[in-house]
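Undergrad: Okay, so here is model.cif, and as you'll see once you scroll down, it has mmCIF, C-alpha atoms.
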```cif
data_entry
loop_
_atom_site.group_PDB
_atom_site.id
_atom_site.type_symbol
_atom_site.label_atom_id
_atom_site.label_comp_id
_atom_site.auth_asym_id
_atom_site.auth_seq_id
_atom_site.Cartn_x
_atom_site.Cartn_y
_atom_site.Cartn_z
ATOM 1 C CA MET F 28 -18.302 -27.337 9.788
ATOM 2 C CA THR F 29 -17.825 -25.991 13.310
ATOM 3 C CA ASP F 30 -16.890 -22.321 13.554
ATOM 4 C CA LEU F 31 -13.402 -21.446 14.714
ATOM 5 C CA ALA F 32 -13.070 -19.897 18.141
ATOM 6 C CA PRO F 33 -11.369 -16.497 18.537
ATOM 7 C CA HIS F 34 -8.295 -18.048 20.143
ATOM 8 C CA GLU F 35 -7.983 -20.451 17.202
ATOM 9 C CA LEU F 36 -8.065 -17.553 14.758
ATOM 10 C CA ARG F 37 -5.253 -15.842 16.657
ATOM 11 C CA ILE F 38 -3.198 -19.045 16.639
ATOM 12 C CA LEU F 39 -3.607 -19.404 12.857
ATOM 13 C CA ILE F 40 -2.449 -15.821 12.401
ATOM 14 C CA ALA F 41 0.587 -16.361 14.632
ATOM 15 C CA VAL F 42 1.683 -19.603 12.924
ATOM 16 C CA GLU F 43 1.299 -18.058 9.469
ATOM 17 C CA ARG F 44 3.251 -14.980 10.576
ATOM 18 C CA GLU F 45 6.035 -16.822 12.408
ATOM 19 C CA ARG F 46 6.249 -19.765 9.991
ATOM 20 C CA GLY F 47 6.555 -22.203 12.863
ATOM 21 C CA PHE F 48 4.712 -23.648 15.853
ATOM 22 C CA THR F 49 7.467 -22.960 18.386
ATOM 23 C CA ALA F 50 7.873 -19.298 17.430
ATOM 24 C CA ALA F 51 4.101 -18.836 17.317
ATOM 25 C CA ALA F 52 3.768 -20.401 20.751
ATOM 26 C CA ALA F 53 6.412 -18.036 22.143
ATOM 27 C CA SER F 54 4.657 -15.009 20.691
ATOM 28 C CA LEU F 55 1.346 -16.092 22.209
ATOM 29 C CA GLY F 56 2.701 -17.246 25.576
ATOM 30 C CA MET F 57 1.566 -20.827 24.928
ATOM 31 C CA THR F 58 3.229 -24.214 24.685
ATOM 32 C CA GLN F 59 4.219 -25.632 21.334
ATOM 33 C CA SER F 60 2.015 -28.670 21.850
ATOM 34 C CA ALA F 61 -1.030 -26.466 22.533
ATOM 35 C CA VAL F 62 -0.442 -24.531 19.317
ATOM 36 C CA SER F 63 0.055 -27.712 17.320
ATOM 37 C CA HIS F 64 -3.141 -29.200 18.753
ATOM 38 C CA ALA F 65 -5.091 -26.032 17.974
ATOM 39 C CA VAL F 66 -3.892 -26.031 14.363
ATOM 40 C CA ARG F 67 -4.933 -29.660 13.914
ATOM 41 C CA THR F 68 -8.335 -28.739 15.324
ATOM 42 C CA CYS F 69 -8.627 -25.837 12.855
ATOM 43 C CA GLU F 70 -7.700 -28.120 9.968
ATOM 44 C CA ARG F 71 -10.323 -30.632 11.039
ATOM 45 C CA LYS F 72 -12.989 -27.926 11.327
ATOM 46 C CA LEU F 73 -12.125 -26.360 7.980
ATOM 47 C CA GLY F 74 -11.520 -29.626 6.164
ATOM 48 C CA ALA F 75 -8.176 -28.596 4.690
ATOM 49 C CA VAL F 76 -4.462 -28.861 5.441
ATOM 50 C CA LEU F 77 -3.341 -25.372 6.435
ATOM 51 C CA PHE F 78 0.405 -25.841 6.981
ATOM 52 C CA ASP F 79 3.122 -28.043 5.549
ATOM 53 C CA ARG F 80 5.179 -29.261 8.528
ATOM 54 C CA GLY F 81 8.848 -29.864 8.013
ATOM 55 C CA ARG F 82 12.362 -29.366 9.323
ATOM 56 C CA HIS F 83 12.201 -25.713 8.397
ATOM 57 C CA GLY F 84 9.010 -24.896 10.269
ATOM 58 C CA ALA F 85 5.401 -24.655 9.157
ATOM 59 C CA GLN F 86 4.822 -23.200 5.706
ATOM 60 C CA PRO F 87 1.235 -22.185 4.929
ATOM 61 C CA THR F 88 -0.482 -24.001 2.104
ATOM 62 C CA ALA F 89 -2.685 -22.048 -0.290
ATOM 63 C CA ALA F 90 -5.598 -22.898 1.990
ATOM 64 C CA GLY F 91 -3.596 -21.788 5.014
ATOM 65 C CA THR F 92 -2.735 -18.446 3.445
ATOM 66 C CA ARG F 93 -6.391 -17.833 2.659
ATOM 67 C CA ALA F 94 -7.518 -18.945 6.108
ATOM 68 C CA ALA F 95 -5.012 -16.615 7.781
ATOM 69 C CA ALA F 96 -6.200 -13.693 5.646
ATOM 70 C CA TYR F 97 -9.781 -14.292 6.743
ATOM 71 C CA ALA F 98 -8.636 -14.751 10.338
ATOM 72 C CA ARG F 99 -6.867 -11.377 10.359
ATOM 73 C CA ARG F 100 -9.940 -9.639 9.001
ATOM 74 C CA ILE F 101 -12.226 -11.317 11.523
ATOM 75 C CA VAL F 102 -9.948 -10.558 14.482
ATOM 76 C CA ARG F 103 -9.699 -6.932 13.332
ATOM 77 C CA LEU F 104 -13.504 -6.729 13.263
ATOM 78 C CA MET F 105 -13.704 -8.211 16.751
ATOM 79 C CA ARG F 106 -11.320 -5.559 18.045
ATOM 80 C CA ALA F 107 -13.160 -2.821 16.193
ATOM 81 C CA MET F 108 -16.488 -3.916 17.650
ATOM 82 C CA GLY F 109 -15.595 -2.712 21.123
ATOM 83 C CA GLU F 110 -14.212 0.567 19.807
ATOM 84 C CA GLU F 111 -17.307 1.164 17.680
ATOM 85 C CA VAL F 112 -19.745 0.302 20.453
ATOM 86 C CA ARG F 113 -18.000 2.562 22.959
ATOM 87 C CA GLY F 114 -17.882 5.304 20.345
ATOM 88 C CA THR F 115 -21.662 5.311 20.034
ATOM 89 C CA GLU F 116 -21.834 6.558 23.615
ATOM 90 C CA ASP F 117 -19.516 9.558 23.325
ATOM 91 C CA GLY F 118 -18.824 9.929 19.586
ATOM 92 C CA ALA F 119 -15.124 9.122 20.037
ATOM 93 C CA VAL F 120 -13.184 7.432 17.235
ATOM 94 C CA THR F 121 -10.426 5.375 18.814
ATOM 95 C CA GLY F 122 -8.108 2.429 18.345
ATOM 96 C CA PRO F 123 -5.502 1.338 15.801
ATOM 97 C CA LEU F 124 -5.858 2.309 12.155
ATOM 98 C CA ARG F 125 -3.666 0.266 9.809
ATOM 99 C CA ILE F 126 -2.725 1.918 6.528
ATOM 100 C CA ALA F 127 -0.730 0.474 3.620
ATOM 101 C CA ALA F 128 0.733 3.004 1.190
ATOM 102 C CA PHE F 129 3.307 3.166 -1.567
ATOM 103 C CA ARG F 130 6.308 5.326 -0.720
ATOM 104 C CA SER F 131 5.465 8.653 -2.356
ATOM 105 C CA ALA F 132 1.897 8.603 -0.997
ATOM 106 C CA ALA F 133 3.208 7.801 2.475
ATOM 107 C CA ALA F 134 5.790 10.580 2.272
ATOM 108 C CA HIS F 135 3.810 13.371 0.628
ATOM 109 C CA LEU F 136 0.107 12.712 1.242
ATOM 110 C CA LEU F 137 -0.236 10.919 4.554
ATOM 111 C CA PRO F 138 1.585 13.396 6.857
ATOM 112 C CA ALA F 139 -0.962 16.157 6.225
ATOM 113 C CA VAL F 140 -3.832 13.673 6.346
ATOM 114 C CA LEU F 141 -2.761 12.104 9.636
ATOM 115 C CA GLU F 142 -2.002 15.481 11.182
ATOM 116 C CA SER F 143 -5.585 16.639 10.662
ATOM 117 C CA LEU F 144 -7.060 13.219 11.461
ATOM 118 C CA THR F 145 -5.327 12.769 14.818
ATOM 119 C CA ALA F 146 -6.011 16.391 15.787
ATOM 120 C CA ARG F 147 -9.716 15.680 15.341
ATOM 121 C CA HIS F 148 -9.560 12.148 16.780
ATOM 122 C CA PRO F 149 -6.683 11.931 19.286
ATOM 123 C CA GLY F 150 -7.754 8.447 20.335
ATOM 124 C CA LEU F 151 -6.742 7.013 16.955
ATOM 125 C CA SER F 152 -3.377 5.268 16.613
ATOM 126 C CA PRO F 153 -2.387 5.168 12.921
ATOM 127 C CA GLU F 154 0.065 2.489 11.787
ATOM 128 C CA VAL F 155 1.609 3.021 8.340
ATOM 129 C CA ARG F 156 3.288 0.298 6.291
ATOM 130 C CA ILE F 157 5.248 1.132 3.145
ATOM 131 C CA VAL F 158 4.356 -1.395 0.455
ATOM 132 C CA ARG F 159 5.791 -1.576 -3.040
ATOM 133 C CA GLU F 160 3.036 -1.021 -5.581
ATOM 134 C CA ILE F 161 3.858 -4.038 -7.730
ATOM 135 C CA GLY F 162 2.096 -7.369 -7.866
ATOM 136 C CA ARG F 163 -0.773 -7.323 -5.385
ATOM 137 C CA GLY F 164 0.630 -4.152 -3.799
ATOM 138 C CA THR F 165 -1.305 -2.273 -1.154
ATOM 139 C CA ALA F 166 -4.588 -3.867 -2.233
ATOM 140 C CA GLY F 167 -3.133 -7.257 -1.358
ATOM 141 C CA GLU F 168 -2.310 -6.034 2.146
ATOM 142 C CA VAL F 169 -5.941 -5.012 2.596
ATOM 143 C CA ALA F 170 -7.309 -8.256 1.120
ATOM 144 C CA ASP F 171 -5.034 -10.283 3.410
ATOM 145 C CA GLY F 172 -6.216 -8.420 6.502
ATOM 146 C CA ARG F 173 -2.895 -6.670 7.187
ATOM 147 C CA ALA F 174 -4.289 -3.191 6.535
ATOM 148 C CA ASP F 175 -7.644 -1.490 7.017
ATOM 149 C CA LEU F 176 -7.111 0.831 4.057
ATOM 150 C CA GLY F 177 -4.571 0.983 1.259
ATOM 151 C CA LEU F 178 -3.511 3.939 -0.849
ATOM 152 C CA ALA F 179 -3.233 2.417 -4.288
ATOM 153 C CA THR F 180 -2.731 3.190 -7.958
ATOM 154 C CA LEU F 181 -5.964 2.332 -9.780
ATOM 155 C CA ASP F 182 -5.945 1.175 -13.390
ATOM 156 C CA GLY F 183 -9.529 2.003 -14.334
ATOM 157 C CA THR F 184 -11.017 -1.421 -13.701
ATOM 158 C CA GLY F 185 -11.907 -0.594 -10.099
ATOM 159 C CA PRO F 186 -10.762 -2.210 -6.860
ATOM 160 C CA PRO F 187 -9.822 -5.903 -6.861
ATOM 161 C CA LEU F 188 -12.611 -8.417 -6.333
ATOM 162 C CA GLY F 189 -13.925 -8.349 -2.765
ATOM 163 C CA LEU F 190 -12.664 -4.852 -2.006
ATOM 164 C CA SER F 191 -14.271 -1.425 -2.239
ATOM 165 C CA GLY F 192 -12.632 1.893 -2.947
ATOM 166 C CA ALA F 193 -12.658 5.089 -4.951
ATOM 167 C CA ARG F 194 -10.508 7.559 -6.852
ATOM 168 C CA LEU F 195 -8.859 10.387 -4.923
ATOM 169 C CA PHE F 196 -6.964 12.274 -7.636
ATOM 170 C CA GLU F 197 -5.028 11.996 -10.866
ATOM 171 C CA GLU F 198 -1.448 13.130 -11.212
ATOM 172 C CA PRO F 199 0.489 13.780 -14.425
ATOM 173 C CA TYR F 200 3.911 12.438 -15.264
ATOM 174 C CA ALA F 201 6.793 14.755 -16.100
ATOM 175 C CA LEU F 202 10.362 14.459 -17.323
ATOM 176 C CA ALA F 203 12.950 14.692 -14.547
ATOM 177 C CA HIS F 204 16.496 15.445 -15.663
ATOM 178 C CA PRO F 205 19.709 16.984 -14.335
ATOM 179 C CA ALA F 206 19.733 20.722 -13.705
ATOM 180 C CA GLY F 207 22.292 22.774 -15.568
ATOM 181 C CA SER F 208 22.122 20.692 -18.743
ATOM 182 C CA ALA F 209 21.461 23.698 -20.972
ATOM 183 C CA GLY F 210 21.881 22.936 -24.649
ATOM 184 C CA THR F 211 21.248 19.228 -24.140
ATOM 185 C CA ASP F 212 17.892 17.730 -25.053
ATOM 186 C CA PRO F 213 16.944 15.866 -21.835
ATOM 187 C CA ARG F 214 15.116 13.287 -23.945
ATOM 188 C CA THR F 215 18.452 12.122 -25.331
ATOM 189 C CA LEU F 216 19.855 11.262 -21.898
ATOM 190 C CA PRO F 217 20.036 7.664 -20.596
ATOM 191 C CA LEU F 218 16.860 6.441 -18.916
ATOM 192 C CA ILE F 219 16.878 5.578 -15.217
ATOM 193 C CA ASP F 220 13.798 3.678 -14.099
ATOM 194 C CA TRP F 221 12.387 1.891 -11.059
ATOM 195 C CA ASP F 222 10.290 -1.221 -10.665
ATOM 196 C CA GLU F 223 7.014 0.468 -9.679
ATOM 197 C CA ASN F 224 6.949 2.826 -12.646
ATOM 198 C CA CYS F 225 4.829 2.510 -15.795
ATOM 199 C CA GLY F 226 1.862 0.429 -14.736
ATOM 200 C CA SER F 227 -1.143 -0.333 -16.882
ATOM 201 C CA TYR F 228 -2.239 3.302 -16.570
ATOM 202 C CA THR F 229 0.802 4.528 -18.580
ATOM 203 C CA ARG F 230 1.830 1.510 -20.627
ATOM 204 C CA GLU F 231 -0.055 2.504 -23.783
ATOM 205 C CA TRP F 232 1.428 6.011 -23.723
ATOM 206 C CA TRP F 233 4.882 4.642 -22.982
ATOM 207 C CA ALA F 234 4.732 2.223 -25.915
ATOM 208 C CA GLY F 235 3.877 5.063 -28.281
ATOM 209 C CA GLN F 236 6.994 7.117 -27.482
ATOM 210 C CA ASP F 237 9.802 6.176 -29.841
ATOM 211 C CA TRP F 238 12.264 8.516 -28.096
ATOM 212 C CA ILE F 239 12.304 6.585 -24.807
ATOM 213 C CA PRO F 240 15.383 4.300 -24.710
ATOM 214 C CA PRO F 241 15.679 1.086 -22.721
ATOM 215 C CA ALA F 242 16.609 1.748 -19.109
ATOM 216 C CA THR F 243 20.349 1.792 -18.467
ATOM 217 C CA VAL F 244 19.798 1.568 -14.705
ATOM 218 C CA ARG F 245 16.806 0.076 -12.895
ATOM 219 C CA VAL F 246 16.372 0.344 -9.141
ATOM 220 C CA GLU F 247 13.712 -0.503 -6.561
ATOM 221 C CA ASP F 248 13.120 2.954 -5.106
ATOM 222 C CA ASP F 249 12.140 6.230 -6.779
ATOM 223 C CA THR F 250 14.214 8.301 -4.335
ATOM 224 C CA VAL F 251 17.309 6.531 -5.653
ATOM 225 C CA VAL F 252 16.281 7.515 -9.180
ATOM 226 C CA LEU F 253 16.098 11.172 -8.130
ATOM 227 C CA SER F 254 19.515 11.002 -6.476
ATOM 228 C CA MET F 255 21.032 9.549 -9.641
ATOM 229 C CA ILE F 256 19.413 12.225 -11.800
ATOM 230 C CA ALA F 257 20.768 14.936 -9.494
ATOM 231 C CA ARG F 258 24.258 13.520 -10.126
ATOM 232 C CA GLY F 259 23.803 13.815 -13.876
ATOM 233 C CA MET F 260 23.429 10.095 -14.589
ATOM 234 C CA GLY F 261 20.338 10.376 -16.777
ATOM 235 C CA MET F 262 16.651 11.239 -16.897
ATOM 236 C CA SER F 263 13.426 9.586 -15.841
ATOM 237 C CA ILE F 264 9.674 9.862 -16.411
ATOM 238 C CA MET F 265 8.024 10.231 -13.012
ATOM 239 C CA PRO F 266 4.628 11.079 -11.492
ATOM 240 C CA ARG F 267 4.168 14.471 -9.877
ATOM 241 C CA MET F 268 3.860 13.254 -6.295
ATOM 242 C CA THR F 269 7.168 11.399 -6.583
ATOM 243 C CA LEU F 270 8.798 14.650 -7.687
ATOM 244 C CA THR F 271 7.724 16.455 -4.526
ATOM 245 C CA GLY F 272 10.863 17.402 -2.628
ATOM 246 C CA ALA F 273 13.183 16.437 -5.481
ATOM 247 C CA PRO F 274 16.855 17.352 -4.890
ATOM 248 C CA PRO F 275 18.029 20.788 -6.095
ATOM 249 C CA GLY F 276 19.968 19.146 -8.918
ATOM 250 C CA VAL F 277 16.779 17.902 -10.576
ATOM 251 C CA THR F 278 14.848 19.907 -13.153
ATOM 252 C CA VAL F 279 11.266 18.989 -14.043
ATOM 253 C CA THR F 280 9.955 19.522 -17.571
ATOM 254 C CA PRO F 281 6.363 18.850 -18.635
ATOM 255 C CA LEU F 282 5.605 16.108 -21.104
ATOM 256 C CA THR F 283 3.575 17.818 -23.796
ATOM 257 C CA PRO F 284 1.141 17.928 -25.389
ATOM 258 C CA ASP F 285 -0.613 14.990 -23.720
ATOM 259 C CA PRO F 286 1.233 13.670 -20.668
ATOM 260 C CA PRO F 287 0.336 10.316 -19.147
ATOM 261 C CA HIS F 288 -1.491 10.285 -15.820
ATOM 262 C CA ARG F 289 -1.973 7.823 -13.028
ATOM 263 C CA THR F 290 -5.005 7.559 -10.786
ATOM 264 C CA VAL F 291 -4.419 7.363 -7.042
ATOM 265 C CA GLY F 292 -7.211 6.150 -4.806
ATOM 266 C CA TYR F 293 -7.943 4.035 -1.774
ATOM 267 C CA VAL F 294 -9.094 0.456 -1.287
ATOM 268 C CA THR F 295 -10.604 -1.143 1.771
ATOM 269 C CA THR F 296 -12.830 -4.070 2.675
ATOM 270 C CA PRO F 297 -16.605 -3.625 2.799
ATOM 271 C CA GLU F 298 -16.594 -4.287 6.539
ATOM 272 C CA CYS F 299 -13.788 -1.811 7.250
ATOM 273 C CA ALA F 300 -15.503 0.774 5.057
ATOM 274 C CA ASP F 301 -18.302 0.840 7.628
ATOM 275 C CA SER F 302 -15.988 1.476 10.580
ATOM 276 C CA ALA F 303 -15.796 4.946 12.109
ATOM 277 C CA ALA F 304 -11.984 5.015 11.913
ATOM 278 C CA VAL F 305 -11.817 4.246 8.185
ATOM 279 C CA ARG F 306 -14.679 6.640 7.424
ATOM 280 C CA ALA F 307 -12.799 9.372 9.290
ATOM 281 C CA LEU F 308 -9.608 8.566 7.359
ATOM 282 C CA ILE F 309 -11.412 8.737 4.018
ATOM 283 C CA ARG F 310 -12.881 12.125 4.938
ATOM 284 C CA ALA F 311 -9.401 13.391 5.845
ATOM 285 C CA LEU F 312 -7.956 12.059 2.580
ATOM 286 C CA ARG F 313 -10.653 13.741 0.509
ATOM 287 C CA SER F 314 -10.304 17.017 2.405
ATOM 288 C CA THR F 315 -6.526 17.066 1.918
ATOM 289 C CA VAL F 316 -6.501 16.327 -1.808
ATOM 290 C CA ALA F 317 -9.303 18.875 -2.351
ATOM 291 C CA SER F 318 -6.923 21.611 -1.227
ATOM 292 C CA PRO F 319 -5.559 23.317 -4.361
ATOM 293 C CA ASP F 320 -2.041 23.618 -2.973
ATOM 294 C CA TRP F 321 -1.471 20.226 -1.352
ATOM 295 C CA LEU F 322 0.963 19.320 -4.138
ATOM 296 C CA GLY F 323 2.289 22.862 -4.299
ATOM 297 C CA ARG F 324 5.600 21.727 -2.855
ATOM 298 C CA THR F 325 6.379 20.022 -6.181
ATOM 299 C CA PRO F 326 9.403 21.586 -7.924
ATOM 300 C CA ALA F 327 8.401 24.232 -10.431
ATOM 301 C CA VAL F 328 7.737 22.718 -13.832
ATOM 302 C CA ARG F 329 9.629 24.639 -16.429
#
```
Output the file's structure in the form of structure tokens.
TA:
Amino acid sequence: MTDLAPHELRILIAVERERGFTAAAASLGMTQSAVSHAVRTCERKLGAVLFDRGRHGAQPTAAGTRAAAYARRIVRLMRAMGEEVRGTEDGAVTGPLRIAAFRSAAAHLLPAVLESLTARHPGLSPEVRIVREIGRGTAGEVADGRADLGLATLDGTGPPLGLSGARLFEEPYALAHPAGSAGTDPRTLPLIDWDENCGSYTREWWAGQDWIPPATVRVEDDTVVLSMIARGMGMSIMPRMTLTGAPPGVTVTPLTPDPPHRTVGYVTTPECADSAAVRALIRALRSTVASPDWLGRTPAVR
């Protein structure tokens, strides 16, 4: 097999992203025929059909999806090479830093982290993508080359195959319910839930609680859950970081005696883990979560 050239990698990425040769050509400033020819050359070199051509564009095959993921990671390394080499001369850490995070981590952890990181390394340009932590979640973004590091919920089995990572902290779950419901047991209220809640890290605990009813409302976003609770529509079982900045109409009660926890950590690729930018980000993450009051903005548990 002949290796793919850098321009062929970029064309694969563009076609997979745009789902069509014409749109990919426009994004690259090339002709459609040149893009089509390059893709055929890539398929010949790799020995696999990468895209299904049809009236509705070019849909990546399984091989095409995998090839594009590798292409993104390789192109990112090529870009990082120049930044790393220049940094050895003056110690500067520069360039883009792509981060995938689930919503509550992006909202309540990353601002403090990026504030300290960019103050120390002003040449860095962080890019944050909010990714729902279901299915492949943030780890999938890293594996597919769309992110250099992902903030992820870890289930105890370690990072997915091919990735590296580590635990940052554990956070307990608590019962969130409407304020001003004195005399009413919040556990008897209707359950409001969201799609990312109750992963493998809480499922065993959840199954052992006979007081938890089926959800009457299920939504995609935890902030919507909090808004509904504040309006008196029900209760929910939520992790501490999600409860940071909860509306005034929400009261937080601990789940005793043994609340469930979830583990929050980071995942990255072995090659990105060696880059100066990702190493600097990991140091900033660890420094922030080591502070005893970084989650002190959480509503008082009572």
Undergrad: Need the shell around stretch 196-213 of chain F: protein/DNA/RNA residues with any atom at most 7 Å away, counting all atoms listed in the file. Skip same-chain ones fewer than 6 positions apart. Format as a ChimeraX atom specification?
TA: /F:256-257,259,261-267,276-282,286-292
Undergrad: For those residues, write C-alpha atoms to a file as a PDB file, in the frame of the given file.
TA:
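File produced: part-v8.pdb:
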```
ATOM      1  CA  ILE F 256      19.413  12.225 -11.800  1.00  0.00           C
ATOM      2  CA  ALA F 257      20.768  14.936  -9.494  1.00  0.00           C
ATOM      3  CA  GLY F 259      23.803  13.815 -13.876  1.00  0.00           C
ATOM      4  CA  GLY F 261      20.338  10.376 -16.777  1.00  0.00           C
ATOM      5  CA  MET F 262      16.651  11.239 -16.897  1.00  0.00           C
ATOM      6  CA  SER F 263      13.426   9.586 -15.841  1.00  0.00           C
ATOM      7  CA  ILE F 264       9.674   9.862 -16.411  1.00  0.00           C
ATOM      8  CA  MET F 265       8.024  10.231 -13.012  1.00  0.00           C
ATOM      9  CA  PRO F 266       4.628  11.079 -11.492  1.00  0.00           C
ATOM     10  CA  ARG F 267       4.168  14.471  -9.877  1.00  0.00           C
ATOM     11  CA  GLY F 276      19.968  19.146  -8.918  1.00  0.00           C
ATOM     12  CA  VAL F 277      16.779  17.902 -10.576  1.00  0.00           C
ATOM     13  CA  THR F 278      14.848  19.907 -13.153  1.00  0.00           C
ATOM     14  CA  VAL F 279      11.266  18.989 -14.043  1.00  0.00           C
ATOM     15  CA  THR F 280       9.955  19.522 -17.571  1.00  0.00           C
ATOM     16  CA  PRO F 281       6.363  18.850 -18.635  1.00  0.00           C
ATOM     17  CA  LEU F 282       5.605  16.108 -21.104  1.00  0.00           C
ATOM     18  CA  PRO F 286       1.233  13.670 -20.668  1.00  0.00           C
ATOM     19  CA  PRO F 287       0.336  10.316 -19.147  1.00  0.00           C
ATOM     20  CA  HIS F 288      -1.491  10.285 -15.820  1.00  0.00           C
ATOM     21  CA  ARG F 289      -1.973   7.823 -13.028  1.00  0.00           C
ATOM     22  CA  THR F 290      -5.005   7.559 -10.786  1.00  0.00           C
ATOM     23  CA  VAL F 291      -4.419   7.363  -7.042  1.00  0.00           C
ATOM     24  CA  GLY F 292      -7.211   6.150  -4.806  1.00  0.00           C
TER      25      GLY F 292
END
```
Undergrad: With only C-alpha atoms as the counted atoms, please give the residues lying no more than 12 Å from F:Arg44, apart from itself and same-chain residues fewer than 4 positions off, as a PyMOL selection string.
TA: chain F and resi 37-40+48-52+54-55+78+84-87+91-92+95-96+98-99+171+173
Undergrad: As a check of understanding, name the residues that the PyMOL selection byres ((chain F and resi 101) around 12) selects in the supplied structure, as JSON, numbers by chain.
TA: {"F": [31, 32, 33, 34, 35, 36, 37, 39, 40, 94, 95, 96, 97, 98, 99, 100, 102, 103, 104, 105, 106, 107, 108, 170, 171, 172, 173, 175, 296, 298, 299]}
Undergrad: For a test of reading the model, state the distance in Å between atom CA of F:Gly122 and atom CA of F:Pro153, rounded to one decimal.
TA: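 Atom CA of F:Gly122 sits 8.3 Å away from atom CA of F:Pro153.
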Undergrad: For the structure provided, state which residues fall under the PyMOL selection byres ((chain F and resi 238) around 12), and present them as a ChimeraX atom specification.
TA: /F:212-218,232-237,239-241
Undergrad: Run the PyMOL selection byres ((chain F and resi 305) around 10) mentally over the shown coordinates, then write out the matched residues as a list of chain:residue names, using the chain letters and numbers from the document.
TA: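 Applied to this file, the PyMOL selection byres ((chain F and resi 305) around 10) selects F:Val120, F:Leu124, F:Arg125, F:Ile126, F:Asp175, F:Leu176, F:Thr295, F:Glu298, F:Cys299, F:Ala300, F:Asp301, F:Ser302, F:Ala303, F:Ala304, F:Arg306, F:Ala307, F:Leu308, F:Ile309, F:Arg310, F:Ala311.
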Undergrad: Of the candidates F:Glu231, F:Ile219, F:Gly47, F:Asp320, which shows the shortest atom-to-atom distance to F:Val244, using only C-alpha atoms?
TA: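 Using only C-alpha atoms, the shortest distance to F:Val244 belongs to F:Ile219.
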Undergrad: Please report the interatomic distance between atom CA of F:Thr269 and atom CA of F:Ser318 in Å with one decimal.
TA: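 Rounded to one decimal, the two atoms are 18.2 Å apart.
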Undergrad: In Å, rounded to a single decimal, give me how far atom CA of F:Ala41 is from atom CA of F:Met57.
TA: 11.3 Å
Undergrad: Quick one: of F:Ala75, F:Leu144, F:Leu322, F:Leu137, who's nearest to F:Thr271, counting only C-alpha atoms?
TA: F:Leu322
Undergrad: Taking only C-alpha atoms into account, name the residue in F:Leu312, F:Glu43, F:Ser254, F:Pro186 that is nearest to F:Ala133.
TA: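 Comparing F:Leu312, F:Glu43, F:Ser254, F:Pro186 against F:Ala133, the winner is F:Leu312.
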Undergrad: Point out the residue among F:Arg230, F:Arg258, F:Arg194, F:His135 with the least atom-to-atom distance to F:Leu270, counting only C-alpha atoms.
TA: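 Smallest separation from F:Leu270 among the options: F:His135.
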Undergrad: Given only C-alpha atoms as the basis, pick out the residue of F:Arg313, F:Arg147, F:Arg46, F:Arg156 nearest to F:His83.
TA: F:Arg46
Undergrad: Work out where the centre of an axis-aligned box around every listed atom of stretch 268-282 of chain F lies and how long its edges are once 5 Å is added on each side; give both in Å to one decimal as AutoDock Vina command-line options.
TA:
```
--center_x 11.9 --center_y 16.1 --center_z -11.9 --size_x 26.1 --size_y 19.4 --size_z 28.5
```
